[in-house]
Amino acid sequence: MAAAGIVAALCAVVVRQRTPEIAVALTAAACLLLLWNTLPLLETIRDVLEELAGLADISPTVLRPMLQTVGLALVTKLAAAVCRDAGEGSVAAFVETAGAAAAVLVALPLLKMVLQLVIELL
């Protein structure tokens with residue numbers, strides 16, 4: 001994967017000299033291809049976390065927001081990097097802001113569960 005990323009980056013540098021627009025498309029395609037090849041690793045991590053949650057008797061409702069937040073962070077980082085590579089720093093900043101807002105939204109049920117637990121303990 002690292003070698004494929006380096007090759008894609010070198011190709012993008014060469015193509016960028018002649019046609020910057022195609023270089024951005026090449027970079028986005030390379031990122032998507034690398035992400036696609038990373039999905040099995042992420043699924044394995046998810047499975048191990050679910051197994052550990054089962055051993056610790058943690059509800060999947062607690063684990064789901066955490067996994068969704070990690071997924072959002074990865075997609076947000078990828079999208080922002082492609083925007084920056086295209087020279088659109090302001091769009092990248094907005095993508096990061098939207099990703100942070102989405103992560104907070106996904107984490108709200110977890111916050112609600114924590115507050116309910118604290119109220120029960122009081």
# chains A, B, ... in the order shown; residues from 1 in each chain; ligands from 1

call {"tool": "residues_around", "arguments": {"residues": "segment 99-101 of chain A", "least_positions_apart": "4", "cutoff": "9 Å", "atoms": "only C-alpha atoms", "output": "PyMOL selection string"}}
result
chain A and resi 72-73+75-77+94-95+105-106

call {"tool": "closest_atom_pairs", "arguments": {"of": "segment 42-89 of chain A", "to": "segment 9-15 of chain A", "cutoff": "12 Å", "atoms": "only C-alpha atoms", "output": "Markdown table"}}
result
| residue | atom | partner | partner_atom | distance |
| --- | --- | --- | --- | --- |
| A:Val82 | CA | A:Ala12 | CA | 12.0 |
| A:Asp85 | CA | A:Ala12 | CA | 10.1 |
| A:Ala86 | CA | A:Ala12 | CA | 11.3 |

call {"tool": "atom_distance", "arguments": {"atom1": "atom CA of Val91 of chain A", "atom2": "atom CA of Thr38 of chain A"}}
result
25.3 Å

call {"tool": "closest_residue", "arguments": {"among": "A:Leu110, A:Cys31, A:Val24, A:Ala3", "to": "Gly87 of chain A", "atoms": "only C-alpha atoms"}}
result
A:Val24

call {"tool": "closest_residue", "arguments": {"among": "A:Val7, A:Ala102, A:Ala25, A:Ala80", "to": "Pro65 of chain A", "atoms": "only C-alpha atoms"}}
result
A:Ala102

call {"tool": "atom_distance", "arguments": {"atom1": "atom CA of Leu108 of chain A", "atom2": "atom CA of Ala53 of chain A"}}
result
19.8 Å

call {"tool": "atom_distance", "arguments": {"atom1": "atom CA of Arg46 of chain A", "atom2": "atom CA of Pro109 of chain A"}}
result
19.3 Å
